[in-house]
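Here is entry19.cif, consisting of mmCIF, C-alpha atoms:
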data_my_file
#
loop_
_atom_site.group_PDB
_atom_site.id
_atom_site.type_symbol
_atom_site.label_atom_id
_atom_site.label_comp_id
_atom_site.auth_asym_id
_atom_site.auth_seq_id
_atom_site.Cartn_x
_atom_site.Cartn_y
_atom_site.Cartn_z
ATOM 1 C CA MET E 8 22.769 16.670 17.252
ATOM 2 C CA ALA E 9 24.899 17.009 20.414
ATOM 3 C CA PHE E 10 25.294 20.740 20.969
ATOM 4 C CA LEU E 11 25.201 21.034 24.765
ATOM 5 C CA ALA E 12 27.101 19.401 27.547
ATOM 6 C CA GLY E 13 24.578 17.199 29.293
ATOM 7 C CA PRO E 14 24.418 15.843 32.830
ATOM 8 C CA ARG E 15 26.611 12.977 33.919
ATOM 9 C CA LEU E 16 25.134 9.934 32.199
ATOM 10 C CA LEU E 17 24.408 6.747 34.088
ATOM 11 C CA ASP E 18 25.224 3.103 33.578
ATOM 12 C CA TRP E 19 22.432 0.523 33.352
ATOM 13 C CA ALA E 20 22.473 -0.399 37.052
ATOM 14 C CA SER E 21 22.238 3.277 38.090
ATOM 15 C CA SER E 22 19.564 4.280 35.588
ATOM 16 C CA PRO E 23 15.919 4.863 36.557
ATOM 17 C CA PRO E 24 13.953 1.574 36.751
ATOM 18 C CA HIS E 25 11.693 2.458 33.805
ATOM 19 C CA LEU E 26 14.781 2.595 31.569
ATOM 20 C CA GLN E 27 16.208 -0.741 32.703
ATOM 21 C CA PHE E 28 14.594 -2.805 29.970
ATOM 22 C CA ASN E 29 17.761 -3.671 28.027
ATOM 23 C CA LYS E 30 20.604 -5.067 30.133
ATOM 24 C CA PHE E 31 22.869 -5.216 27.056
ATOM 25 C CA VAL E 32 23.025 -1.414 26.640
ATOM 26 C CA LEU E 33 25.462 -0.706 29.462
ATOM 27 C CA THR E 34 26.001 3.078 29.461
ATOM 28 C CA GLY E 35 24.697 6.418 28.242
ATOM 29 C CA TYR E 36 21.442 6.590 30.236
ATOM 30 C CA ARG E 37 19.907 9.951 31.086
ATOM 31 C CA PRO E 38 19.202 10.577 34.769
ATOM 32 C CA ALA E 39 15.595 11.309 35.809
ATOM 33 C CA SER E 40 14.915 14.913 34.882
ATOM 34 C CA SER E 41 12.301 17.649 34.732
ATOM 35 C CA GLY E 42 10.368 18.654 31.633
ATOM 36 C CA SER E 43 12.997 21.239 30.758
ATOM 37 C CA GLY E 44 15.682 18.604 31.341
ATOM 38 C CA CYS E 45 13.941 16.292 28.882
ATOM 39 C CA LEU E 46 13.793 19.111 26.345
ATOM 40 C CA ARG E 47 17.482 19.877 26.917
ATOM 41 C CA SER E 48 18.282 16.190 26.271
ATOM 42 C CA LEU E 49 17.504 16.783 22.591
ATOM 43 C CA PHE E 50 20.840 18.578 22.362
ATOM 44 C CA TYR E 51 23.396 16.278 24.000
ATOM 45 C CA LEU E 52 24.560 12.744 23.288
ATOM 46 C CA HIS E 53 22.917 9.905 25.211
ATOM 47 C CA ASN E 54 21.740 6.438 24.259
ATOM 48 C CA GLU E 55 18.192 7.519 23.319
ATOM 49 C CA LEU E 56 19.112 10.475 21.096
ATOM 50 C CA GLY E 57 18.387 8.634 17.835
ATOM 51 C CA ASN E 58 14.893 7.449 18.771
ATOM 52 C CA ILE E 59 11.773 8.380 16.839
ATOM 53 C CA TYR E 60 8.354 6.783 17.119
ATOM 54 C CA THR E 61 4.929 7.285 15.715
ATOM 55 C CA HIS E 62 2.343 5.134 14.004
ATOM 56 C CA GLY E 63 -1.281 5.305 12.862
ATOM 57 C CA ALA E 64 -3.922 3.386 10.936
ATOM 58 C CA LEU E 65 -7.106 5.461 11.180
ATOM 59 C CA PRO E 66 -6.839 6.787 7.596
ATOM 60 C CA ILE E 67 -6.508 3.193 6.342
ATOM 61 C CA ILE E 68 -9.735 2.182 8.078
ATOM 62 C CA HIS E 69 -11.445 5.377 6.889
ATOM 63 C CA CYS E 70 -10.647 4.659 3.227
ATOM 64 C CA THR E 71 -11.151 0.886 3.381
ATOM 65 C CA LEU E 72 -14.663 1.358 4.744
ATOM 66 C CA ALA E 73 -15.490 4.442 2.643
ATOM 67 C CA CYS E 74 -18.394 2.635 0.981
ATOM 68 C CA ARG E 75 -19.656 1.144 4.233
ATOM 69 C CA PRO E 76 -20.878 4.255 6.099
ATOM 70 C CA TRP E 77 -22.734 2.206 8.711
ATOM 71 C CA LEU E 78 -19.577 0.271 9.670
ATOM 72 C CA ARG E 79 -16.876 2.938 9.330
ATOM 73 C CA PRO E 80 -17.658 4.979 12.518
ATOM 74 C CA ALA E 81 -17.842 1.825 14.651
ATOM 75 C CA ALA E 82 -14.539 0.554 13.229
ATOM 76 C CA LEU E 83 -12.813 3.908 13.799
ATOM 77 C CA VAL E 84 -14.061 4.177 17.399
ATOM 78 C CA GLY E 85 -13.260 0.511 18.051
ATOM 79 C CA TYR E 86 -9.726 0.818 16.692
ATOM 80 C CA THR E 87 -9.143 4.017 18.684
ATOM 81 C CA MET E 88 -10.259 2.281 21.883
ATOM 82 C CA LEU E 89 -8.165 -0.795 21.057
ATOM 83 C CA SER E 90 -5.152 1.487 20.532
ATOM 84 C CA GLY E 91 -5.718 3.104 23.919
ATOM 85 C CA VAL E 92 -5.856 -0.274 25.640
ATOM 86 C CA ALA E 93 -2.756 -1.447 23.738
ATOM 87 C CA GLY E 94 -0.869 1.694 24.749
ATOM 88 C CA TRP E 95 -1.854 1.294 28.393
ATOM 89 C CA ARG E 96 -0.884 -2.389 28.378
ATOM 90 C CA ALA E 97 2.464 -1.566 26.742
ATOM 91 C CA LEU E 98 3.215 1.141 29.313
ATOM 92 C CA THR E 99 2.418 -1.183 32.216
ATOM 93 C CA ALA E 100 3.935 -4.350 30.722
ATOM 94 C CA PRO E 101 6.241 -6.263 33.079
ATOM 95 C CA SER E 102 8.585 -7.323 30.260
ATOM 96 C CA THR E 103 9.630 -6.371 26.742
ATOM 97 C CA SER E 104 7.890 -9.401 25.249
ATOM 98 C CA ALA E 105 4.673 -8.424 27.068
ATOM 99 C CA ARG E 106 5.135 -4.904 25.684
ATOM 100 C CA LEU E 107 5.308 -6.309 22.142
ATOM 101 C CA ARG E 108 2.321 -8.622 22.742
ATOM 102 C CA ALA E 109 0.284 -5.625 23.929
ATOM 103 C CA PHE E 110 0.020 -4.506 20.310
ATOM 104 C CA GLY E 111 -1.053 -7.925 19.000
ATOM 105 C CA TRP E 112 -4.815 -7.237 19.001
ATOM 106 C CA GLN E 113 -4.199 -3.909 17.315
ATOM 107 C CA ALA E 114 -2.144 -5.597 14.584
ATOM 108 C CA GLY E 115 -4.803 -8.288 14.272
ATOM 109 C CA ALA E 116 -7.485 -5.628 13.727
ATOM 110 C CA ARG E 117 -5.381 -4.011 10.979
ATOM 111 C CA LEU E 118 -4.868 -7.395 9.303
ATOM 112 C CA LEU E 119 -8.625 -7.958 9.410
ATOM 113 C CA VAL E 120 -9.131 -4.616 7.621
ATOM 114 C CA PHE E 121 -6.394 -5.492 5.111
ATOM 115 C CA GLY E 122 -8.014 -8.877 4.524
ATOM 116 C CA ALA E 123 -11.399 -7.251 3.923
ATOM 117 C CA ARG E 124 -9.787 -5.022 1.339
ATOM 118 C CA GLY E 125 -7.897 -7.895 -0.248
ATOM 119 C CA VAL E 126 -11.037 -9.967 -0.822
ATOM 120 C CA GLY E 127 -13.076 -7.040 -2.126
ATOM 121 C CA LEU E 128 -15.157 -6.277 0.977
ATOM 122 C CA GLY E 129 -13.272 -3.013 1.468
ATOM 123 C CA SER E 130 -12.267 -0.278 -0.911
ATOM 124 C CA GLY E 131 -9.306 1.970 -1.596
ATOM 125 C CA ALA E 132 -6.714 3.024 -4.111
ATOM 126 C CA PRO E 133 -5.170 0.243 -6.167
ATOM 127 C CA GLY E 134 -1.644 -0.351 -4.921
ATOM 128 C CA SER E 135 -2.155 0.910 -1.355
ATOM 129 C CA LEU E 136 -2.652 -2.495 0.269
ATOM 130 C CA PRO E 137 0.936 -3.715 -0.426
ATOM 131 C CA CYS E 138 2.232 -0.498 1.198
ATOM 132 C CA TYR E 139 0.201 -1.265 4.326
ATOM 133 C CA LEU E 140 1.438 -4.844 4.450
ATOM 134 C CA ARG E 141 5.055 -3.607 4.171
ATOM 135 C CA MET E 142 4.260 -1.035 6.882
ATOM 136 C CA ASP E 143 3.197 -3.715 9.350
ATOM 137 C CA ALA E 144 6.031 -6.068 8.347
ATOM 138 C CA LEU E 145 8.611 -3.353 9.092
ATOM 139 C CA ALA E 146 6.925 -2.499 12.394
ATOM 140 C CA LEU E 147 6.848 -6.176 13.411
ATOM 141 C CA LEU E 148 10.490 -6.668 12.435
ATOM 142 C CA GLY E 149 11.439 -3.613 14.499
ATOM 143 C CA GLY E 150 9.560 -4.964 17.502
ATOM 144 C CA LEU E 151 11.183 -8.385 17.192
ATOM 145 C CA VAL E 152 14.686 -6.889 16.883
ATOM 146 C CA ASN E 153 13.992 -4.768 19.960
ATOM 147 C CA VAL E 154 12.706 -7.715 22.010
ATOM 148 C CA ALA E 155 15.616 -9.926 20.895
ATOM 149 C CA ARG E 156 18.095 -7.186 21.918
ATOM 150 C CA LEU E 157 20.155 -7.628 18.763
ATOM 151 C CA PRO E 158 22.946 -6.742 18.079
ATOM 152 C CA GLU E 159 23.924 -5.576 21.583
ATOM 153 C CA ARG E 160 23.305 -9.059 22.983
ATOM 154 C CA TRP E 161 26.326 -10.179 20.925
ATOM 155 C CA GLY E 162 28.557 -7.374 22.200
ATOM 156 C CA PRO E 163 27.369 -5.730 25.440
ATOM 157 C CA GLY E 164 28.682 -2.183 25.641
ATOM 158 C CA ARG E 165 29.591 -1.923 21.934
ATOM 159 C CA PHE E 166 26.189 -0.514 20.887
ATOM 160 C CA ASP E 167 25.365 1.728 23.839
ATOM 161 C CA TYR E 168 25.105 4.964 21.843
ATOM 162 C CA TRP E 169 24.549 3.913 18.229
ATOM 163 C CA GLY E 170 23.235 0.807 16.498
ATOM 164 C CA ASN E 171 21.402 -0.859 19.385
ATOM 165 C CA SER E 172 18.121 -2.713 18.933
ATOM 166 C CA HIS E 173 16.000 0.169 20.170
ATOM 167 C CA GLN E 174 17.492 2.491 17.566
ATOM 168 C CA ILE E 175 17.149 -0.149 14.830
ATOM 169 C CA MET E 176 13.486 -0.489 15.839
ATOM 170 C CA HIS E 177 13.051 3.268 15.426
ATOM 171 C CA LEU E 178 14.718 3.247 11.994
ATOM 172 C CA LEU E 179 12.408 0.434 10.910
ATOM 173 C CA SER E 180 9.514 2.488 12.321
ATOM 174 C CA VAL E 181 10.530 5.357 10.037
ATOM 175 C CA GLY E 182 10.432 2.935 7.089
ATOM 176 C CA SER E 183 7.032 1.771 8.329
ATOM 177 C CA ILE E 184 5.775 5.353 8.466
ATOM 178 C CA LEU E 185 7.035 5.993 4.932
ATOM 179 C CA GLN E 186 5.066 2.951 3.753
ATOM 180 C CA LEU E 187 2.021 4.257 5.618
ATOM 181 C CA HIS E 188 2.417 7.578 3.810
ATOM 182 C CA ALA E 189 2.884 5.840 0.452
ATOM 183 C CA GLY E 190 -0.426 4.046 0.948
ATOM 184 C CA VAL E 191 -2.495 6.727 2.665
ATOM 185 C CA VAL E 192 -1.886 9.570 0.190
ATOM 186 C CA PRO E 193 -3.265 7.638 -2.807
ATOM 187 C CA ASP E 194 -6.047 6.275 -0.600
ATOM 188 C CA LEU E 195 -7.162 9.741 0.489
ATOM 189 C CA LEU E 196 -7.008 11.033 -3.087
ATOM 190 C CA TRP E 197 -9.034 7.999 -4.183
ATOM 191 C CA ALA E 198 -11.617 8.588 -1.419
ATOM 192 C CA ALA E 199 -12.006 12.259 -2.401
ATOM 193 C CA HIS E 200 -12.949 11.335 -5.987
ATOM 194 C CA HIS E 201 -14.588 7.908 -5.654
ATOM 195 C CA ALA E 202 -18.350 7.475 -5.825
ATOM 196 C CA CYS E 203 -19.570 4.468 -3.889
ATOM 197 C CA PRO E 204 -22.138 2.253 -5.633
ATOM 198 C CA LEU E 205 -25.698 2.624 -4.411
ATOM 199 C CA ASP E 206 -26.949 -0.391 -2.456
#

Would you mind writing the structure in this file as structure tokens?
Amino acid sequence: MAFLAGPRLLDWASSPPHLQFNKFVLTGYRPASSGSGCLRSLFYLHNELGNIYTHGALPIIHCTLACRPWLRPAALVGYTMLSGVAGWRALTAPSTSARLRAFGWQAGARLLVFGARGVGLGSGAPGSLPCYLRMDALALLGGLVNVARLPERWGPGRFDYWGNSHQIMHLLSVGSILQLHAGVVPDLLWAAHHACPLD
């Protein structure tokens, strides 16, 4: 956790513009720093210390379309390109709600894949689909909490270091990733041993 003394932290008004997306977190901002400064920030207390983020859906598409070899490569390339566009739009979004909306098409594509599986057009391990639905529900909830700026909106300054919406979003992202894992592992085992019917 916090092992080193860090630089003097900034308040919201003094923080770099790219970090000024939550006016309800008042203090604890890192100053702009070099690569080594960013690495050093892993070892002192600031208001981003608890953040974790990662997400992925390519294995879901791979398994869902395992028996559709003509469609699977196009879906994987399409989703990868859609993810790139969503990431770019999120990084250049003028507001937090625009940042959340940037991932809408990506979520829509996943729901289309889930729907295909649900109605029997896709394949996969029994029981994986509910894990994927929980995964996206947790990710959406995290995004909504982050955009709503709750709970710090109710008590500016009280949640600067711990318990702010950005950290809650990251905790929900961890739950989302665990659901992804709970669905993907059985799916990959299923795909390794499943023989697709001949058309």

Using only C-alpha atoms, what does the table of range 36-155 of chain E residues within 10 Å of range 16-25 of chain E look like, with each row giving the shortest atom pair and its distance in Å to one decimal, sorted by chain and ascending number, as a Markdown table?
| residue | atom | partner | partner_atom | distance |
| --- | --- | --- | --- | --- |
| E:Tyr36 | CA | E:Leu17 | CA | 4.9 |
| E:Arg37 | CA | E:Leu16 | CA | 5.3 |
| E:Pro38 | CA | E:Ser22 | CA | 6.4 |
| E:Ala39 | CA | E:Pro23 | CA | 6.5 |
| E:Leu52 | CA | E:Leu16 | CA | 9.4 |
| E:His53 | CA | E:Leu16 | CA | 7.3 |
| E:Asn54 | CA | E:Leu16 | CA | 9.3 |
| E:Leu98 | CA | E:His25 | CA | 9.7 |

Could you write out as a short mmCIF file (atom, residue, chain, number, x, y, z; two decimals) with C-alpha atoms, keeping the file's coordinate frame the residues that the PyMOL selection byres ((chain E and resi 32) around 6) matches in the shown file?
data_model
loop_
_atom_site.label_atom_id
_atom_site.label_comp_id
_atom_site.auth_asym_id
_atom_site.auth_seq_id
_atom_site.Cartn_x
_atom_site.Cartn_y
_atom_site.Cartn_z
CA ASN E 29 17.76 -3.67 28.03
CA LYS E 30 20.60 -5.07 30.13
CA PHE E 31 22.87 -5.22 27.06
CA LEU E 33 25.46 -0.71 29.46
CA GLY E 164 28.68 -2.18 25.64
CA ASP E 167 25.36 1.73 23.84
#

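Listed by chain and then by number, the residues chosen by the PyMOL selection byres ((chain E and resi 89) around 12) in this file are Ala64, Leu65, Ala81, Ala82, Leu83, Val84, Gly85, Tyr86, Thr87, Met88, Ser90, Gly91, Val92, Ala93, Gly94, Trp95, Arg96, Ala109, Phe110, Gly111, Trp112, Gln113, Ala114, Gly115, Ala116 and Arg117 of chain E.
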
Checklist entry - So which residues touch Ala144 in chain E within 8 Å, counting all atoms listed in the file, skipping near sequence neighbours fewer than 4 positions away, as a PyMOL selection string? => result chain E and resi 140+148+183

Next on the checklist: I need the output of the PyMOL selection byres ((chain E and resi 190-194) around 10) for this file as a PyMOL selection string; which residues are they?
Outcome noted: chain E and resi 64-67+69-71+130-142+184-189+195-199

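The space separating CA of Ala100 in chain E from CA of Ile68 in chain E comes to 27.2 Å.
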
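Taking CA of Leu147 in chain E and CA of Gly122 in chain E as endpoints, the distance between them is 17.5 Å.
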
Extending 5 Å beyond the listed atoms of range 132-142 of chain E on each side, what axis-aligned box results? I want centre and edge lengths in Å to one decimal, as JSON.
{"center_x": -0.8, "center_y": -0.9, "center_z": 0.4, "size_x": 21.8, "size_y": 17.9, "size_z": 23.0}

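Between CA of Gly170 in chain E and CA of Gly182 in chain E there is a distance of 16.0 Å.
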
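Residue nearest Phe121 in chain E within the list E:Ala202, E:Asp143, E:Pro14, E:Arg156: E:Asp143 [criterion: smallest interatomic distance, only C-alpha atoms].
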
Next on the checklist: as a list of chain:residue names, please: the residues near Ser104 in chain E (cut-off 10 Å, all atoms listed in the file, same-chain neighbours under 2 positions excluded).
Outcome noted: E:Ala97, E:Ala100, E:Pro101, E:Ser102, E:Arg106, E:Leu107, E:Arg108, E:Ala109, E:Gly150, E:Leu151, E:Asn153, E:Val154, E:Ala155

Item to check | Residue nearest Gly35 in chain E among E:Tyr168, E:Pro80, E:His177, E:Leu145 (counting all atoms listed in the file) | outcome: E:Tyr168

Generate all heavy atoms for range 91-102 of chain E and emit them as a PDB file, in the coordinates of the input.
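As written to disk, out.pdb reads:
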ATOM      1  N   GLY E  91      -5.885   2.605  22.555  1.00  0.00           N
ATOM      2  CA  GLY E  91      -5.718   3.104  23.919  1.00  0.00           C
ATOM      3  C   GLY E  91      -5.390   1.989  24.898  1.00  0.00           C
ATOM      4  O   GLY E  91      -4.492   2.121  25.737  1.00  0.00           O
ATOM      5  N   VAL E  92      -6.115   0.881  24.776  1.00  0.00           N
ATOM      6  CA  VAL E  92      -5.856  -0.274  25.640  1.00  0.00           C
ATOM      7  C   VAL E  92      -4.461  -0.834  25.372  1.00  0.00           C
ATOM      8  O   VAL E  92      -3.711  -1.145  26.302  1.00  0.00           O
ATOM      9  CB  VAL E  92      -6.937  -1.365  25.443  1.00  0.00           C
ATOM     10  CG1 VAL E  92      -6.558  -2.658  26.143  1.00  0.00           C
ATOM     11  CG2 VAL E  92      -8.283  -0.861  25.935  1.00  0.00           C
ATOM     12  N   ALA E  93      -4.088  -0.935  24.092  1.00  0.00           N
ATOM     13  CA  ALA E  93      -2.756  -1.447  23.738  1.00  0.00           C
ATOM     14  C   ALA E  93      -1.667  -0.544  24.305  1.00  0.00           C
ATOM     15  O   ALA E  93      -0.668  -1.033  24.850  1.00  0.00           O
ATOM     16  CB  ALA E  93      -2.617  -1.562  22.227  1.00  0.00           C
ATOM     17  N   GLY E  94      -1.852   0.756  24.196  1.00  0.00           N
ATOM     18  CA  GLY E  94      -0.869   1.694  24.749  1.00  0.00           C
ATOM     19  C   GLY E  94      -0.743   1.557  26.249  1.00  0.00           C
ATOM     20  O   GLY E  94       0.369   1.516  26.797  1.00  0.00           O
ATOM     21  N   TRP E  95      -1.879   1.455  26.944  1.00  0.00           N
ATOM     22  CA  TRP E  95      -1.854   1.294  28.393  1.00  0.00           C
ATOM     23  C   TRP E  95      -1.163  -0.010  28.778  1.00  0.00           C
ATOM     24  O   TRP E  95      -0.330  -0.047  29.688  1.00  0.00           O
ATOM     25  CB  TRP E  95      -3.275   1.337  28.957  1.00  0.00           C
ATOM     26  CG  TRP E  95      -3.316   1.076  30.427  1.00  0.00           C
ATOM     27  CD1 TRP E  95      -3.023   1.943  31.434  1.00  0.00           C
ATOM     28  CD2 TRP E  95      -3.645  -0.164  31.059  1.00  0.00           C
ATOM     29  NE1 TRP E  95      -3.150   1.326  32.645  1.00  0.00           N
ATOM     30  CE2 TRP E  95      -3.539   0.034  32.448  1.00  0.00           C
ATOM     31  CE3 TRP E  95      -4.028  -1.410  30.577  1.00  0.00           C
ATOM     32  CZ2 TRP E  95      -3.795  -0.977  33.362  1.00  0.00           C
ATOM     33  CZ3 TRP E  95      -4.281  -2.422  31.496  1.00  0.00           C
ATOM     34  CH2 TRP E  95      -4.171  -2.193  32.865  1.00  0.00           C
ATOM     35  N   ARG E  96      -1.507  -1.101  28.070  1.00  0.00           N
ATOM     36  CA  ARG E  96      -0.884  -2.389  28.378  1.00  0.00           C
ATOM     37  C   ARG E  96       0.619  -2.367  28.100  1.00  0.00           C
ATOM     38  O   ARG E  96       1.395  -2.977  28.818  1.00  0.00           O
ATOM     39  CB  ARG E  96      -1.560  -3.507  27.598  1.00  0.00           C
ATOM     40  CG  ARG E  96      -2.977  -3.771  28.114  1.00  0.00           C
ATOM     41  CD  ARG E  96      -3.611  -4.933  27.444  1.00  0.00           C
ATOM     42  NE  ARG E  96      -2.923  -6.155  27.860  1.00  0.00           N
ATOM     43  CZ  ARG E  96      -3.108  -7.322  27.275  1.00  0.00           C
ATOM     44  NH1 ARG E  96      -3.939  -7.433  26.273  1.00  0.00           N
ATOM     45  NH2 ARG E  96      -2.461  -8.378  27.686  1.00  0.00           N
ATOM     46  N   ALA E  97       1.034  -1.662  27.047  1.00  0.00           N
ATOM     47  CA  ALA E  97       2.464  -1.566  26.742  1.00  0.00           C
ATOM     48  C   ALA E  97       3.191  -0.763  27.814  1.00  0.00           C
ATOM     49  O   ALA E  97       4.302  -1.115  28.216  1.00  0.00           O
ATOM     50  CB  ALA E  97       2.666  -0.929  25.374  1.00  0.00           C
ATOM     51  N   LEU E  98       2.571   0.311  28.288  1.00  0.00           N
ATOM     52  CA  LEU E  98       3.215   1.141  29.313  1.00  0.00           C
ATOM     53  C   LEU E  98       3.310   0.442  30.659  1.00  0.00           C
ATOM     54  O   LEU E  98       4.198   0.738  31.455  1.00  0.00           O
ATOM     55  CB  LEU E  98       2.464   2.462  29.470  1.00  0.00           C
ATOM     56  CG  LEU E  98       2.606   3.446  28.319  1.00  0.00           C
ATOM     57  CD1 LEU E  98       1.658   4.619  28.499  1.00  0.00           C
ATOM     58  CD2 LEU E  98       4.044   3.923  28.195  1.00  0.00           C
ATOM     59  N   THR E  99       2.411  -0.486  30.928  1.00  0.00           N
ATOM     60  CA  THR E  99       2.418  -1.183  32.216  1.00  0.00           C
ATOM     61  C   THR E  99       2.934  -2.615  32.101  1.00  0.00           C
ATOM     62  O   THR E  99       2.834  -3.378  33.058  1.00  0.00           O
ATOM     63  CB  THR E  99       0.990  -1.193  32.812  1.00  0.00           C
ATOM     64  OG1 THR E  99       0.105  -1.851  31.898  1.00  0.00           O
ATOM     65  CG2 THR E  99       0.502   0.214  33.092  1.00  0.00           C
ATOM     66  N   ALA E 100       3.468  -2.976  30.945  1.00  0.00           N
ATOM     67  CA  ALA E 100       3.935  -4.350  30.722  1.00  0.00           C
ATOM     68  C   ALA E 100       5.122  -4.670  31.632  1.00  0.00           C
ATOM     69  O   ALA E 100       6.020  -3.843  31.793  1.00  0.00           O
ATOM     70  CB  ALA E 100       4.334  -4.534  29.264  1.00  0.00           C
ATOM     71  N   PRO E 101       5.138  -5.876  32.193  1.00  0.00           N
ATOM     72  CA  PRO E 101       6.241  -6.263  33.079  1.00  0.00           C
ATOM     73  C   PRO E 101       7.509  -6.678  32.330  1.00  0.00           C
ATOM     74  O   PRO E 101       8.556  -6.842  32.944  1.00  0.00           O
ATOM     75  CB  PRO E 101       5.666  -7.441  33.865  1.00  0.00           C
ATOM     76  CG  PRO E 101       4.649  -8.041  32.944  1.00  0.00           C
ATOM     77  CD  PRO E 101       4.086  -6.888  32.151  1.00  0.00           C
ATOM     78  N   SER E 102       7.416  -6.883  31.014  1.00  0.00           N
ATOM     79  CA  SER E 102       8.585  -7.323  30.260  1.00  0.00           C
ATOM     80  C   SER E 102       8.506  -6.776  28.838  1.00  0.00           C
ATOM     81  O   SER E 102       7.450  -6.316  28.397  1.00  0.00           O
ATOM     82  CB  SER E 102       8.661  -8.852  30.211  1.00  0.00           C
ATOM     83  OG  SER E 102       7.595  -9.360  29.428  1.00  0.00           O
TER      84      SER E 102
END
